[in-house]
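Next up, my_file16.txt (compact mmCIF, C-alpha atoms and all ligand atoms):
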# COMPACT_ATOMS: atom_id res chain seq x y z
CA MET A 3 100.15 85.12 108.59
CA ALA A 4 103.28 86.94 109.80
CA ALA A 5 104.31 83.74 111.61
CA HIS A 6 103.93 81.72 108.38
CA TRP A 7 106.19 84.03 106.38
CA ASP A 8 108.65 84.46 109.21
CA ARG A 9 109.08 80.68 109.37
CA VAL A 10 109.55 80.40 105.58
CA TYR A 11 112.57 82.70 105.65
CA ARG A 12 114.00 81.13 108.81
CA GLU A 13 113.73 77.58 107.46
CA LYS A 14 114.72 78.07 103.80
CA ASP A 15 117.71 79.61 102.16
CA TRP A 16 116.57 82.81 100.37
CA ARG A 17 117.78 81.33 97.04
CA ASP A 18 115.63 78.20 97.41
CA VAL A 19 112.16 79.76 97.51
CA SER A 20 109.91 79.36 94.45
CA TRP A 21 109.84 83.14 93.83
CA PHE A 22 113.65 83.55 93.80
CA GLN A 23 115.08 85.54 90.89
CA ASP A 24 118.73 86.41 90.52
CA ASP A 25 117.86 89.27 88.16
CA PRO A 26 114.38 90.87 88.47
CA GLN A 27 114.42 92.11 84.88
CA VAL A 28 110.71 92.86 84.46
CA SER A 29 110.67 94.91 87.67
CA THR A 30 113.71 96.95 86.71
CA ALA A 31 112.49 97.46 83.12
CA LEU A 32 109.09 98.77 84.26
CA ILE A 33 110.66 100.99 86.94
CA GLU A 34 112.95 102.40 84.26
CA GLN A 35 109.96 102.94 81.97
CA SER A 36 108.31 105.12 84.66
CA GLY A 37 111.13 107.61 84.16
CA ILE A 38 111.38 108.51 87.86
CA GLY A 39 114.59 110.23 88.94
CA TRP A 40 117.37 108.96 91.17
CA ASP A 41 116.02 110.88 94.19
CA ALA A 42 112.51 109.45 93.84
CA ALA A 43 111.37 107.41 96.85
CA ILE A 44 110.69 103.76 95.97
CA ILE A 45 109.00 101.23 98.24
CA ASP A 46 109.10 97.48 97.55
CA VAL A 47 106.16 96.02 99.49
CA GLY A 48 106.53 92.35 100.37
CA GLY A 49 110.05 92.68 99.05
CA GLY A 50 111.23 89.75 101.15
CA ALA A 51 114.84 88.78 100.57
CA SER A 52 114.78 89.81 96.92
CA VAL A 53 117.75 91.41 95.19
CA LEU A 54 115.63 94.19 93.67
CA GLY A 55 116.43 96.70 96.43
CA LEU A 56 120.15 95.99 96.08
CA GLN A 57 119.97 96.46 92.32
CA LEU A 58 118.08 99.73 92.63
CA LEU A 59 120.65 101.13 95.07
CA ALA A 60 123.49 99.92 92.85
CA ALA A 61 121.82 101.56 89.84
CA GLY A 62 121.85 104.92 91.64
CA PHE A 63 118.46 105.26 93.33
CA ARG A 64 119.05 106.89 96.71
CA ASP A 65 115.78 106.37 98.59
CA VAL A 66 114.73 102.71 98.58
CA THR A 67 112.51 101.13 101.26
CA LEU A 68 111.86 97.42 101.78
CA LEU A 69 108.65 96.51 103.59
CA ASP A 70 107.82 92.96 104.61
CA VAL A 71 105.63 91.29 107.20
CA ALA A 72 108.39 88.78 108.02
CA GLU A 73 111.11 90.12 110.30
CA SER A 74 113.30 87.19 109.20
CA ALA A 75 113.03 88.34 105.56
CA VAL A 76 114.03 91.89 106.47
CA ALA A 77 116.94 90.54 108.56
CA THR A 78 118.10 88.34 105.66
CA ALA A 79 117.95 91.27 103.25
CA ARG A 80 119.98 93.44 105.62
CA ASP A 81 122.45 90.94 107.07
CA GLU A 82 122.97 88.37 104.27
CA LEU A 83 122.31 90.36 101.10
CA GLY A 84 123.73 93.61 102.49
CA PHE A 85 120.70 95.79 101.73
CA THR A 86 121.43 99.27 103.12
CA GLY A 87 118.15 101.03 102.32
CA ASN A 88 115.28 101.71 104.71
CA THR A 89 113.38 98.77 106.17
CA VAL A 90 109.88 98.40 107.62
CA THR A 91 108.47 95.25 109.21
CA ALA A 92 104.70 95.48 108.79
CA ASP A 93 101.59 93.94 107.27
CA VAL A 94 100.84 96.08 104.23
CA THR A 95 97.09 95.78 104.85
CA ARG A 96 97.46 97.42 108.29
CA TRP A 97 100.48 99.65 107.91
CA GLN A 98 100.11 103.41 108.37
CA PRO A 99 102.81 105.11 106.29
CA ARG A 100 104.40 108.28 107.70
CA ARG A 101 105.66 109.56 104.36
CA ARG A 102 104.91 109.27 100.66
CA TYR A 103 106.64 107.39 97.88
CA ARG A 104 106.97 108.09 94.19
CA LEU A 105 106.87 104.44 93.15
CA TRP A 106 105.25 101.40 94.79
CA HIS A 107 106.55 97.98 93.68
CA ASP A 108 104.77 94.73 94.52
CA ARG A 109 105.85 91.41 93.11
CA ALA A 110 103.64 88.65 94.49
CA ILE A 111 101.84 90.00 97.56
CA PHE A 112 98.62 91.23 96.02
CA HIS A 113 97.76 87.75 94.72
CA PHE A 114 97.66 86.43 98.30
CA LEU A 115 94.83 88.83 99.13
CA THR A 116 91.95 86.50 98.29
CA ALA A 117 89.45 88.33 100.56
CA ALA A 118 87.89 91.54 99.19
CA ALA A 119 88.36 93.26 102.58
CA ASP A 120 92.11 92.62 102.45
CA ARG A 121 92.38 94.02 98.92
CA GLU A 122 90.44 97.09 100.06
CA ALA A 123 92.80 97.53 103.02
CA TYR A 124 95.78 97.21 100.64
CA ARG A 125 94.34 99.99 98.47
CA TRP A 126 93.89 102.24 101.51
CA THR A 127 97.55 101.80 102.45
CA LEU A 128 98.58 102.39 98.84
CA GLU A 129 96.60 105.65 98.68
CA ALA A 130 98.12 106.84 101.96
CA ALA A 131 101.63 106.02 100.77
CA ILE A 132 101.73 107.14 97.15
CA ASP A 133 102.50 110.58 95.71
CA PRO A 134 99.46 112.13 93.97
CA ASP A 135 101.14 111.51 90.60
CA GLY A 136 103.04 108.40 91.66
CA TRP A 137 103.66 105.09 89.93
CA MET A 138 102.99 101.44 90.68
CA VAL A 139 104.71 98.32 89.32
CA LEU A 140 102.56 95.31 90.14
CA GLY A 141 103.20 91.64 89.40
CA THR A 142 100.76 88.84 90.29
CA PHE A 143 100.19 85.29 89.13
CA ALA A 144 98.53 85.33 85.70
CA ALA A 145 95.09 83.82 85.05
CA ASP A 146 96.86 80.55 84.14
CA GLY A 147 99.33 80.86 87.02
CA PRO A 148 99.58 78.60 90.10
CA GLU A 149 96.58 78.30 92.41
CA GLN A 150 98.84 78.24 95.47
CA CYS A 151 102.18 79.58 96.61
CA SER A 152 104.00 78.73 99.82
CA GLY A 153 100.99 76.62 100.84
CA LEU A 154 98.61 79.60 100.57
CA PRO A 155 95.79 80.05 98.00
CA THR A 156 96.28 82.77 95.37
CA ALA A 157 93.98 84.99 93.31
CA ARG A 158 95.08 84.97 89.66
CA HIS A 159 94.63 87.86 87.24
CA ASP A 160 94.84 88.75 83.61
CA ALA A 161 95.84 92.36 82.86
CA ASP A 162 92.26 93.68 82.59
CA ALA A 163 91.14 92.08 85.83
CA LEU A 164 94.21 93.37 87.65
CA ALA A 165 93.75 96.90 86.28
CA ALA A 166 90.09 96.80 87.38
CA GLU A 167 91.29 96.41 90.99
CA PHE A 168 92.83 99.91 90.79
CA PRO A 169 90.24 102.31 89.34
CA GLY A 170 92.18 105.47 90.25
CA TRP A 171 95.12 104.34 88.14
CA GLN A 172 95.93 104.41 84.45
CA VAL A 173 97.62 101.44 82.80
CA VAL A 174 100.82 102.53 81.06
CA ALA A 175 102.26 99.11 80.21
CA THR A 176 101.43 95.42 80.61
CA ARG A 177 103.73 92.41 80.47
CA ARG A 178 103.45 88.66 80.73
CA GLU A 179 106.40 86.86 82.30
CA GLU A 180 107.06 83.16 82.62
CA HIS A 181 109.00 82.95 85.86
CA ARG A 182 111.10 79.81 86.37
CA THR A 183 111.39 78.53 89.93
CA PRO A 184 114.81 77.26 91.11
CA TRP A 185 113.61 73.72 90.23
CA GLY A 186 112.49 74.69 86.72
CA ALA A 187 108.69 74.97 87.10
CA VAL A 188 107.05 77.71 85.04
CA GLN A 189 104.89 80.31 86.80
CA PRO A 190 103.16 82.82 84.50
CA PHE A 191 102.90 86.37 85.88
CA THR A 192 100.84 89.39 84.82
CA TRP A 193 102.63 92.71 85.21
CA LEU A 194 101.28 96.25 85.10
CA LEU A 195 102.94 99.65 85.14
CA LEU A 196 100.32 102.09 86.43
CA ARG A 197 100.22 105.87 86.90
CA HIS A 198 98.18 107.35 89.72
CA VAL A 199 95.51 109.65 88.31
CA SER A 200 92.95 110.14 91.10
CA ARG A 201 92.01 109.09 94.60
CA GLU A 202 88.77 107.34 93.60
CA THR A 203 89.29 103.77 94.78
C1 LIG B 301 106.07 85.34 97.15
S1 LIG B 301 107.04 86.35 98.19
C2 LIG B 301 107.69 87.57 97.08
C3 LIG B 301 108.90 88.26 97.64
C4 LIG B 301 109.52 89.34 96.74
N1 LIG B 301 108.57 90.34 96.35
C5 LIG B 301 110.15 88.75 95.51
O1 LIG B 301 109.69 89.03 94.41
O2 LIG B 301 111.12 87.99 95.66
C6 LIG B 301 105.79 87.25 99.06
C7 LIG B 301 106.38 88.17 100.11
O3 LIG B 301 105.36 88.98 100.66
C8 LIG B 301 105.48 89.01 102.07
N2 LIG B 301 104.10 89.25 102.54
C9 LIG B 301 103.04 88.41 102.43
N3 LIG B 301 101.94 89.00 102.90
C10 LIG B 301 102.31 90.24 103.31
C11 LIG B 301 101.61 91.34 103.89
N4 LIG B 301 100.30 91.27 104.12
N5 LIG B 301 102.31 92.46 104.19
C12 LIG B 301 103.64 92.53 103.94
N6 LIG B 301 104.35 91.53 103.39
C13 LIG B 301 103.70 90.40 103.08
C14 LIG B 301 106.09 87.68 102.45
O4 LIG B 301 106.75 87.71 103.69
C15 LIG B 301 107.04 87.46 101.28
O5 LIG B 301 108.29 88.04 101.51
For this file, write the structure as structure tokens.
Ligand SMILES: C[S@@+](CC[C@H](N)C(=O)[O-])C[C@H]1O[C@@H](n2cnc3c(N)ncnc32)[C@H](O)[C@@H]1O
Amino acid sequence: MAAHWDRVYREKDWRDVSWFQDDPQVSTALIEQSGIGWDAAIIDVGGGASVLGLQLLAAGFRDVTLLDVAESAVATARDELGFTGNTVTADVTRWQPRRRYRLWHDRAIFHFLTAAADREAYRWTLEAAIDPDGWMVLGTFAADGPEQCSGLPTARHDADALAAEFPGWQVVATRREEHRTPWGAVQPFTWLLLRHVSRET
């Protein structure tokens, strides 16, 4: 799996992947809606070579971490995009965080976790990484979204089904987004802003 993603970012320009966005407006709007302060620690899991981390640093957030399983994605973010935040190369389903974060952002990893055991492992990492009263911004393919991405099958969710995956969390906001790929295809996304309320997962 790491080899697959590593190859994607070595073989393609970061602006040519289907998930490319030059302005991640839904992410930034939901992060703003959380109301977290500039010193709050933010982690973007599966952040790849996205511009979100750059935008957050430019906006004034001081503690931004990019985690991705693909070393080539992390290298692109650092060396080509100029991302100066913290970086972690790890599989989110196996990673053991050494600190906690106030906000967890995931655009388009969770929908690759088609096996229940992988989703459970993701939740364990999330619980180990998040502040007791932390926030999560989560975007996955919508119920009518694509059945595959980057050659891998995806699990698609409407807002209720996605919220049901995170029982210890309260839904604060939901959004539907129609993402346009660089070649103009439409990919519907379901977005949630969630507040951590308990550790029962
Ligand atoms: C569809 S891309 C989305 C990238 C980025 N979030 C964005 O919105 O542009 C999925 C990303 O998740 C990473 N990824 C996939 N599975 C992962 C895992 N288990 N742990 C960490 N990163 C993973 C991939 O390397 C890739 O960068």
Query raised in the report: Hey, which residues come within 6 Å of ligand LIG 301 (chain B) if we count all atoms listed in the file? Could you give them as a VMD selection string?
Result: chain A and resid 7 21 to 22 48 to 50 52 70 to 72 92 to 95 109 to 111
Query raised in the report: For Trp126 of chain A, which residue out of A:Gly147, A:Gly170, A:Gly141, A:Gly84 is the nearest one, using only C-alpha atoms?
Result: A:Gly170
Restrict the calculation to only C-alpha atoms, then for each residue of segment 50-162 of chain A with any atom at most 12 Å from an atom of segment 24-36 of chain A give the closest atom pair and their distance in Å to one decimal, rows by chain and rising residue number, as a Markdown table.
| residue | atom | partner | partner_atom | distance |
| --- | --- | --- | --- | --- |
| A:Ala51 | CA | A:Asp24 | CA | 11.0 |
| A:Ser52 | CA | A:Asp24 | CA | 8.3 |
| A:Val53 | CA | A:Asp24 | CA | 6.9 |
| A:Leu54 | CA | A:Pro26 | CA | 6.3 |
| A:Gly55 | CA | A:Pro26 | CA | 10.1 |
| A:Leu56 | CA | A:Asp25 | CA | 10.6 |
| A:Gln57 | CA | A:Thr30 | CA | 8.4 |
| A:Leu58 | CA | A:Thr30 | CA | 7.9 |
| A:Leu59 | CA | A:Thr30 | CA | 11.6 |
| A:Ala60 | CA | A:Thr30 | CA | 11.9 |
| A:Ala61 | CA | A:Thr30 | CA | 9.8 |
| A:Gly62 | CA | A:Glu34 | CA | 11.8 |
| A:Phe63 | CA | A:Ile33 | CA | 11.0 |
| A:Leu83 | CA | A:Asp24 | CA | 11.8 |
| A:Arg104 | CA | A:Ser36 | CA | 10.1 |
| A:Leu105 | CA | A:Ile33 | CA | 8.1 |
| A:Trp106 | CA | A:Ile33 | CA | 9.5 |
| A:His107 | CA | A:Ser29 | CA | 7.9 |
| A:Asp108 | CA | A:Ser29 | CA | 9.0 |
| A:Arg109 | CA | A:Ser29 | CA | 8.1 |
| A:Ala110 | CA | A:Ser29 | CA | 11.6 |
| A:Asp135 | CA | A:Ser36 | CA | 11.3 |
| A:Gly136 | CA | A:Ser36 | CA | 9.4 |
| A:Trp137 | CA | A:Ser36 | CA | 7.0 |
| A:Met138 | CA | A:Ile33 | CA | 8.5 |
| A:Val139 | CA | A:Leu32 | CA | 6.7 |
| A:Leu140 | CA | A:Ser29 | CA | 8.5 |
| A:Gly141 | CA | A:Ser29 | CA | 8.3 |
| A:Thr142 | CA | A:Ser29 | CA | 11.9 |
**Report entry** Selection near Glu179 of chain A, 10 Å with only C-alpha atoms, sequence-local residues under 2 positions removed, as a PyMOL selection string
**Finding:** chain A and resi 27-28+141-144+177+181-182+188-193
Next, dump the selected residues to file, keeping only C-alpha atoms, as a PDB file, in the frame of the given file.
ATOM      1  CA  GLN A  27     114.420  92.110  84.880  1.00  0.00           C
ATOM      2  CA  VAL A  28     110.710  92.860  84.460  1.00  0.00           C
ATOM      3  CA  GLY A 141     103.200  91.640  89.400  1.00  0.00           C
ATOM      4  CA  THR A 142     100.760  88.840  90.290  1.00  0.00           C
ATOM      5  CA  PHE A 143     100.190  85.290  89.130  1.00  0.00           C
ATOM      6  CA  ALA A 144      98.530  85.330  85.700  1.00  0.00           C
ATOM      7  CA  ARG A 177     103.730  92.410  80.470  1.00  0.00           C
ATOM      8  CA  HIS A 181     109.000  82.950  85.860  1.00  0.00           C
ATOM      9  CA  ARG A 182     111.100  79.810  86.370  1.00  0.00           C
ATOM     10  CA  VAL A 188     107.050  77.710  85.040  1.00  0.00           C
ATOM     11  CA  GLN A 189     104.890  80.310  86.800  1.00  0.00           C
ATOM     12  CA  PRO A 190     103.160  82.820  84.500  1.00  0.00           C
ATOM     13  CA  PHE A 191     102.900  86.370  85.880  1.00  0.00           C
ATOM     14  CA  THR A 192     100.840  89.390  84.820  1.00  0.00           C
ATOM     15  CA  TRP A 193     102.630  92.710  85.210  1.00  0.00           C
TER      16      TRP A 193
END
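Each of A:Thr86, A:Thr78, A:Thr67, A:Gln172 was compared to Asp15 of chain A using all atoms listed in the file, and A:Thr78 turns out to be the nearest.
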Query raised in the report: Hey, what's within 12 Å of Ala117 of chain A if we count only C-alpha atoms and toss same-chain stuff fewer than 4 positions away? As a PyMOL selection string, please?
Result: chain A and resi 95+112-113+121-124+155-157
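Considering the residues A:Leu115, A:Leu128, A:Leu154, A:Ile38 and counting all atoms listed in the file, Arg102 of chain A has its shortest atom-to-atom contact with A:Leu128.
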Requested in this report: Extract, using only C-alpha atoms, all DNA, RNA and protein residues at most 12 Å from Gly186 of chain A, discarding same-chain residues fewer than 6 positions from it, and format them as an MDAnalysis selection string.
Outcome: chainID A and resid 18:23 180
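Here atom CA of Glu149 of chain A and atom CA of Ala187 of chain A stand 13.6 Å from one another.
Reported to one decimal place, the separation of atom CA of His198 of chain A from atom CA of Trp171 of chain A is 4.6 Å.
Considering the residues A:Val174, A:Ala166, A:Ala75, A:Ile44 and counting all atoms listed in the file, Arg9 of chain A has its shortest atom-to-atom contact with A:Ala75.
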